[in-house]
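Peer 1: Got a structure here, written out as structure tokens. Questions coming.
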Amino acid sequence: MPNNLLKWQENFIATNLIAIAYNAWAGYLSGHRGAVIASTNNPTISIAGETFKSYFVARTRLAAFLNAWLDALDPVILRHHFMNAHILESVDNYHHH
């Protein structure tokens, strides 16, 4: 099961890279470090394809957001709750060149 879940996540990112990258770039241009959060709970399917909600969460709000997400009982996140520290560390230590 974990390999199938990881493959699904990799495919989602590959398929939606432009939308994810746009949100990351827009957040970066606003002067903030942060992360792009994509919600796949209620995708919309139309003639243009599948759409999903995505948000840029600034670092100053990211820890609280991740903790709230855990409280929402999302089973995918709950299995990986230990990753919060790694996500925050990645945001803090990212250096673009």
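Naming works like this for the structure tokens: A, B, ... for the chains as they're shown, residue 1 at the start of each chain, ligands 1 onward in shown order.
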If you run DSSP on the backbone here, which positions in stretch 9-46 of chain A get alpha helix (DSSP H)? Please write them as a ChimeraX atom specification.
Peer 2: /A:9-15,17-29
Peer 1: Can you write just those residues out, N, CA, C and O atoms, as a short mmCIF file (atom, residue, chain, number, x, y, z; two decimals), in the first residue's frame?
Peer 2:
data_model
loop_
_atom_site.label_atom_id
_atom_site.label_comp_id
_atom_site.auth_asym_id
_atom_site.auth_seq_id
_atom_site.Cartn_x
_atom_site.Cartn_y
_atom_site.Cartn_z
N GLN A 9 0.97 9.95 -5.35
CA GLN A 9 1.41 11.31 -5.04
C GLN A 9 2.40 11.81 -6.08
O GLN A 9 2.32 12.96 -6.51
N GLU A 10 3.33 10.98 -6.49
CA GLU A 10 4.29 11.37 -7.53
C GLU A 10 3.59 11.70 -8.84
O GLU A 10 3.91 12.68 -9.50
N ASN A 11 2.62 10.89 -9.21
CA ASN A 11 1.86 11.13 -10.44
C ASN A 11 1.05 12.43 -10.35
O ASN A 11 0.96 13.18 -11.31
N PHE A 12 0.47 12.69 -9.18
CA PHE A 12 -0.30 13.91 -8.99
C PHE A 12 0.61 15.13 -9.17
O PHE A 12 0.25 16.08 -9.87
N ILE A 13 1.77 15.10 -8.57
CA ILE A 13 2.71 16.22 -8.68
C ILE A 13 3.16 16.38 -10.12
O ILE A 13 3.18 17.50 -10.66
N ALA A 14 3.50 15.30 -10.78
CA ALA A 14 3.97 15.37 -12.17
C ALA A 14 2.87 15.94 -13.08
O ALA A 14 3.14 16.77 -13.95
N THR A 15 1.66 15.50 -12.89
CA THR A 15 0.55 15.94 -13.72
C THR A 15 0.20 17.40 -13.49
O THR A 15 -0.21 18.11 -14.40
N LEU A 17 2.26 19.88 -12.07
CA LEU A 17 3.45 20.64 -11.72
C LEU A 17 3.31 22.13 -12.01
O LEU A 17 3.72 22.97 -11.22
N ILE A 18 2.72 22.49 -13.13
CA ILE A 18 2.60 23.91 -13.49
C ILE A 18 1.74 24.65 -12.48
O ILE A 18 2.10 25.74 -12.01
N ALA A 19 0.61 24.08 -12.09
CA ALA A 19 -0.26 24.74 -11.11
C ALA A 19 0.42 24.84 -9.75
O ALA A 19 0.35 25.88 -9.08
N ILE A 20 1.10 23.80 -9.34
CA ILE A 20 1.81 23.81 -8.06
C ILE A 20 2.94 24.83 -8.10
O ILE A 20 3.12 25.62 -7.17
N ALA A 21 3.70 24.83 -9.18
CA ALA A 21 4.82 25.76 -9.31
C ALA A 21 4.33 27.21 -9.35
O ALA A 21 4.96 28.10 -8.77
N TYR A 22 3.22 27.46 -10.02
CA TYR A 22 2.67 28.82 -10.06
C TYR A 22 2.36 29.32 -8.65
O TYR A 22 2.69 30.45 -8.29
N ASN A 23 1.70 28.49 -7.86
CA ASN A 23 1.37 28.88 -6.49
C ASN A 23 2.62 29.11 -5.65
O ASN A 23 2.68 30.05 -4.85
N ALA A 24 3.63 28.28 -5.84
CA ALA A 24 4.89 28.46 -5.11
C ALA A 24 5.56 29.77 -5.52
O ALA A 24 6.04 30.52 -4.67
N TRP A 25 5.60 30.05 -6.81
CA TRP A 25 6.24 31.27 -7.30
C TRP A 25 5.49 32.51 -6.82
O TRP A 25 6.10 33.49 -6.39
N ALA A 26 4.17 32.49 -6.87
CA ALA A 26 3.38 33.62 -6.41
C ALA A 26 3.62 33.87 -4.92
O ALA A 26 3.75 35.02 -4.49
N GLY A 27 3.70 32.81 -4.14
CA GLY A 27 4.00 32.97 -2.71
C GLY A 27 5.39 33.51 -2.49
O GLY A 27 5.60 34.40 -1.65
N TYR A 28 6.35 33.02 -3.24
CA TYR A 28 7.72 33.49 -3.14
C TYR A 28 7.82 34.98 -3.48
O TYR A 28 8.49 35.75 -2.79
N LEU A 29 7.13 35.39 -4.53
CA LEU A 29 7.15 36.79 -4.94
C LEU A 29 6.53 37.71 -3.89
O LEU A 29 6.85 38.90 -3.85
#
Peer 1: Write out as a PyMOL selection string each polymer residue whose atoms come within 12 Å of A:Thr60, counting only C-alpha atoms; drop sequence neighbours fewer than 3 positions from it.
Peer 2: chain A and resi 31-35+56-57+63-66+88+91-92
Peer 1: I'd like the contact shell of A:Ser90 - 12 Å cut-off, only C-alpha atoms, skipping same-chain residues fewer than 3 positions apart - returned as an MDAnalysis selection string.
Peer 2: chainID A and resid 33:35 59 62 83:87 93:95
Peer 1: I'd like the interatomic distance between atom CA of A:Ser54 and atom CA of A:Ile37, to a tenth of an Å.
Peer 2: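 Value for the atom CA of A:Ser54-atom CA of A:Ile37 distance: 5.5 Å.
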Peer 1: Suppose you want the space between atom CA of A:Phe52 and atom CA of A:Glu89; what is it in Å?
Peer 2: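 Separation between atom CA of A:Phe52 and atom CA of A:Glu89: 26.3 Å.
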